[in-house]
Amino acid sequence: MKQNPSLRKANEEARECIAQIVLFDLSDPRLSMVTIPSCEVTPDKSICNVFYVADADKRDGVASAFEKAGGHIRSLMAQKLGWRITPELRFILDA
């Protein structure tokens, strides 16, 4: 997907916000060693693909933790970013 400067800024804002939420606001021990290297927000900000890196032996637990905490992460993201639309979050393992 071609990115303009405003879309690149939105991607970086989303990545920083989600990384801070995972690091400071969630207490799930399965998400303790997860890194968020990048996010891709669609131009209309309706969907955000969140790429994460986790240890090979913990990937299934991390995937289920993100599935469980996705709504909470989205609501915290809405509070912190203040965008008109809060994107649907899709968590994708970055191999």
# chains A, B, ... in the order shown; residues from 1 in each chain; ligands from 1
$ residues_around --residues "A:Arg90" --least-positions-apart "6" --cutoff "9 Å" --atoms "only C-alpha atoms" --output "tab-separated table (two decimals) with all heavy atoms, in the first residue's frame"
chain	number	residue	atom	x	y	z
A	47	ILE	N	-9.43	0.19	9.79
A	47	ILE	CA	-8.76	-1.06	10.16
A	47	ILE	C	-7.30	-0.76	10.44
A	47	ILE	O	-6.66	0.02	9.74
A	47	ILE	CB	-8.87	-2.10	9.03
A	47	ILE	CG1	-10.33	-2.47	8.78
A	47	ILE	CG2	-8.06	-3.35	9.36
A	47	ILE	CD1	-10.56	-3.33	7.58
A	48	CYS	N	-6.78	-1.40	11.48
A	48	CYS	CA	-5.36	-1.27	11.82
A	48	CYS	C	-4.79	-2.68	11.97
A	48	CYS	O	-5.21	-3.43	12.86
A	48	CYS	CB	-5.19	-0.49	13.12
A	48	CYS	SG	-3.47	-0.35	13.66
A	49	ASN	N	-3.86	-3.02	11.09
A	49	ASN	CA	-3.15	-4.29	11.20
A	49	ASN	C	-1.96	-4.08	12.13
A	49	ASN	O	-1.09	-3.28	11.83
A	49	ASN	CB	-2.68	-4.78	9.83
A	49	ASN	CG	-3.82	-5.16	8.93
A	49	ASN	OD1	-4.82	-5.71	9.38
A	49	ASN	ND2	-3.69	-4.87	7.66
A	50	VAL	N	-1.96	-4.79	13.25
A	50	VAL	CA	-0.91	-4.66	14.25
A	50	VAL	C	0.00	-5.88	14.13
A	50	VAL	O	-0.44	-7.01	14.35
A	50	VAL	CB	-1.50	-4.58	15.67
A	50	VAL	CG1	-0.40	-4.43	16.70
A	50	VAL	CG2	-2.50	-3.46	15.77
A	51	PHE	N	1.24	-5.65	13.77
A	51	PHE	CA	2.21	-6.75	13.65
A	51	PHE	C	2.96	-6.88	14.96
A	51	PHE	O	3.39	-5.88	15.54
A	51	PHE	CB	3.17	-6.47	12.49
A	51	PHE	CG	2.47	-6.42	11.16
A	51	PHE	CD1	2.05	-5.22	10.62
A	51	PHE	CD2	2.19	-7.59	10.48
A	51	PHE	CE1	1.40	-5.17	9.40
A	51	PHE	CE2	1.53	-7.56	9.26
A	51	PHE	CZ	1.13	-6.35	8.72
A	67	GLU	N	-6.43	-11.79	21.22
A	67	GLU	CA	-7.84	-11.98	20.86
A	67	GLU	C	-8.75	-11.60	22.03
A	67	GLU	O	-9.77	-10.95	21.84
A	67	GLU	CB	-8.08	-13.43	20.46
A	67	GLU	CG	-9.46	-13.71	19.94
A	67	GLU	CD	-9.61	-15.15	19.48
A	67	GLU	OE1	-8.67	-15.70	18.89
A	67	GLU	OE2	-10.69	-15.71	19.74
A	70	GLY	N	-8.32	-7.58	22.77
A	70	GLY	CA	-8.45	-6.68	21.64
A	70	GLY	C	-9.41	-5.52	21.87
A	70	GLY	O	-9.13	-4.38	21.53
$ residues_around --residues "A:Asp55" --least-positions-apart "4" --cutoff "10 Å" --atoms "only C-alpha atoms" --output "ChimeraX atom specification"
/A:33-35,59-60,62
$ write_last_selection --atoms "N, CA, C and O atoms" --output "JSON list (two decimals), in the first residue's frame"
[["chain", "number", "residue", "atom", "x", "y", "z"],
["A", 33, "MET", "N", 6.47, -10.35, 26.95],
["A", 33, "MET", "CA", 7.65, -10.32, 26.08],
["A", 33, "MET", "C", 7.25, -10.16, 24.61],
["A", 33, "MET", "O", 7.80, -10.80, 23.73],
["A", 34, "VAL", "N", 6.30, -9.28, 24.34],
["A", 34, "VAL", "CA", 5.81, -9.05, 22.98],
["A", 34, "VAL", "C", 6.34, -7.70, 22.50],
["A", 34, "VAL", "O", 6.36, -6.74, 23.24],
["A", 35, "THR", "N", 6.75, -7.66, 21.24],
["A", 35, "THR", "CA", 7.21, -6.42, 20.63],
["A", 35, "THR", "C", 6.28, -6.07, 19.48],
["A", 35, "THR", "O", 5.87, -6.95, 18.72],
["A", 59, "ARG", "N", 3.81, -18.32, 21.02],
["A", 59, "ARG", "CA", 2.99, -17.65, 19.99],
["A", 59, "ARG", "C", 1.50, -17.95, 20.12],
["A", 59, "ARG", "O", 0.68, -17.06, 19.92],
["A", 60, "ASP", "N", 1.14, -19.18, 20.45],
["A", 60, "ASP", "CA", -0.29, -19.51, 20.58],
["A", 60, "ASP", "C", -0.92, -18.77, 21.76],
["A", 60, "ASP", "O", -2.03, -18.25, 21.65],
["A", 62, "VAL", "N", 0.13, -15.94, 23.06],
["A", 62, "VAL", "CA", 0.09, -14.51, 22.74],
["A", 62, "VAL", "C", -1.08, -14.21, 21.81],
["A", 62, "VAL", "O", -1.79, -13.21, 22.00]]
$ closest_residue --among "A:Gln3, A:Asn11, A:Gln20, A:Ser27" --to "A:Val41" --atoms "only C-alpha atoms"
A:Asn11
$ residues_around --residues "A:Ile36" --least-positions-apart "6" --cutoff "8 Å" --atoms "only C-alpha atoms" --output "list of chain:residue names"
A:Arg15, A:Ile18, A:Ala19, A:Val50, A:Phe51, A:Tyr52, A:Val53
$ select_by_dssp --residues "stretch 41-82 of chain A" --states "alpha helix (DSSP H)" --output "number ranges by chain"
A: 59-81
$ select_by_dssp --residues "chain A" --states "strand (DSSP E)" --output "ChimeraX atom specification"
/A:35-41,47-53,88-93
$ write_last_selection --atoms "N, CA, C and O atoms" --output "mmCIF file, in the first residue's frame"
data_model
loop_
_atom_site.group_PDB
_atom_site.id
_atom_site.type_symbol
_atom_site.label_atom_id
_atom_site.label_comp_id
_atom_site.auth_asym_id
_atom_site.auth_seq_id
_atom_site.Cartn_x
_atom_site.Cartn_y
_atom_site.Cartn_z
ATOM 1 N N THR A 35 6.752 -7.659 21.243
ATOM 2 C CA THR A 35 7.212 -6.424 20.626
ATOM 3 C C THR A 35 6.275 -6.075 19.484
ATOM 4 O O THR A 35 5.869 -6.947 18.715
ATOM 5 N N ILE A 36 5.952 -4.786 19.364
ATOM 6 C CA ILE A 36 5.107 -4.304 18.272
ATOM 7 C C ILE A 36 6.014 -3.511 17.311
ATOM 8 O O ILE A 36 6.278 -2.333 17.533
ATOM 9 N N PRO A 37 6.515 -4.149 16.239
ATOM 10 C CA PRO A 37 7.426 -3.437 15.334
ATOM 11 C C PRO A 37 6.741 -2.469 14.376
ATOM 12 O O PRO A 37 7.340 -1.475 13.974
ATOM 13 N N SER A 38 5.482 -2.761 14.008
ATOM 14 C CA SER A 38 4.824 -1.858 13.068
ATOM 15 C C SER A 38 3.310 -2.034 13.090
ATOM 16 O O SER A 38 2.793 -3.046 13.566
ATOM 17 N N CYS A 39 2.639 -1.023 12.562
ATOM 18 C CA CYS A 39 1.193 -1.044 12.367
ATOM 19 C C CYS A 39 0.907 -0.476 10.985
ATOM 20 O O CYS A 39 1.647 0.370 10.496
ATOM 21 N N GLU A 40 -0.168 -0.942 10.390
ATOM 22 C CA GLU A 40 -0.623 -0.401 9.112
ATOM 23 C C GLU A 40 -2.087 -0.007 9.253
ATOM 24 O O GLU A 40 -2.944 -0.862 9.434
ATOM 25 N N VAL A 41 -2.339 1.287 9.171
ATOM 26 C CA VAL A 41 -3.690 1.815 9.265
ATOM 27 C C VAL A 41 -4.190 2.079 7.849
ATOM 28 O O VAL A 41 -3.452 2.633 7.027
ATOM 29 N N ILE A 47 -9.431 0.190 9.787
ATOM 30 C CA ILE A 47 -8.762 -1.056 10.158
ATOM 31 C C ILE A 47 -7.296 -0.761 10.445
ATOM 32 O O ILE A 47 -6.659 0.018 9.739
ATOM 33 N N CYS A 48 -6.782 -1.399 11.482
ATOM 34 C CA CYS A 48 -5.364 -1.272 11.821
ATOM 35 C C CYS A 48 -4.789 -2.678 11.972
ATOM 36 O O CYS A 48 -5.206 -3.432 12.856
ATOM 37 N N ASN A 49 -3.855 -3.024 11.090
ATOM 38 C CA ASN A 49 -3.151 -4.293 11.198
ATOM 39 C C ASN A 49 -1.964 -4.084 12.125
ATOM 40 O O ASN A 49 -1.086 -3.278 11.833
ATOM 41 N N VAL A 50 -1.961 -4.790 13.245
ATOM 42 C CA VAL A 50 -0.908 -4.664 14.249
ATOM 43 C C VAL A 50 -0.001 -5.883 14.126
ATOM 44 O O VAL A 50 -0.444 -7.005 14.346
ATOM 45 N N PHE A 51 1.244 -5.651 13.774
ATOM 46 C CA PHE A 51 2.205 -6.746 13.646
ATOM 47 C C PHE A 51 2.960 -6.881 14.962
ATOM 48 O O PHE A 51 3.394 -5.885 15.540
ATOM 49 N N TYR A 52 3.089 -8.119 15.438
ATOM 50 C CA TYR A 52 3.785 -8.358 16.700
ATOM 51 C C TYR A 52 4.795 -9.487 16.538
ATOM 52 O O TYR A 52 4.678 -10.321 15.650
ATOM 53 N N VAL A 53 5.794 -9.467 17.415
ATOM 54 C CA VAL A 53 6.837 -10.490 17.446
ATOM 55 C C VAL A 53 6.810 -11.111 18.838
ATOM 56 O O VAL A 53 6.765 -10.398 19.848
ATOM 57 N N GLU A 88 -10.629 -0.893 13.790
ATOM 58 C CA GLU A 88 -10.720 -2.305 14.212
ATOM 59 C C GLU A 88 -9.301 -2.850 14.220
ATOM 60 O O GLU A 88 -8.552 -2.653 13.274
ATOM 61 N N LEU A 89 -8.922 -3.533 15.275
ATOM 62 C CA LEU A 89 -7.558 -4.037 15.407
ATOM 63 C C LEU A 89 -7.480 -5.486 14.944
ATOM 64 O O LEU A 89 -8.270 -6.327 15.359
ATOM 65 N N ARG A 90 -6.490 -5.747 14.106
ATOM 66 C CA ARG A 90 -6.193 -7.110 13.649
ATOM 67 C C ARG A 90 -4.757 -7.403 14.014
ATOM 68 O O ARG A 90 -3.835 -6.725 13.540
ATOM 69 N N PHE A 91 -4.558 -8.384 14.857
ATOM 70 C CA PHE A 91 -3.218 -8.721 15.322
ATOM 71 C C PHE A 91 -2.643 -9.821 14.442
ATOM 72 O O PHE A 91 -3.227 -10.889 14.290
ATOM 73 N N ILE A 92 -1.457 -9.540 13.872
ATOM 74 C CA ILE A 92 -0.824 -10.443 12.914
ATOM 75 C C ILE A 92 0.591 -10.739 13.380
ATOM 76 O O ILE A 92 1.356 -9.806 13.666
ATOM 77 N N LEU A 93 0.941 -12.018 13.441
ATOM 78 C CA LEU A 93 2.289 -12.422 13.818
ATOM 79 C C LEU A 93 3.262 -12.016 12.715
ATOM 80 O O LEU A 93 3.069 -12.344 11.546
#
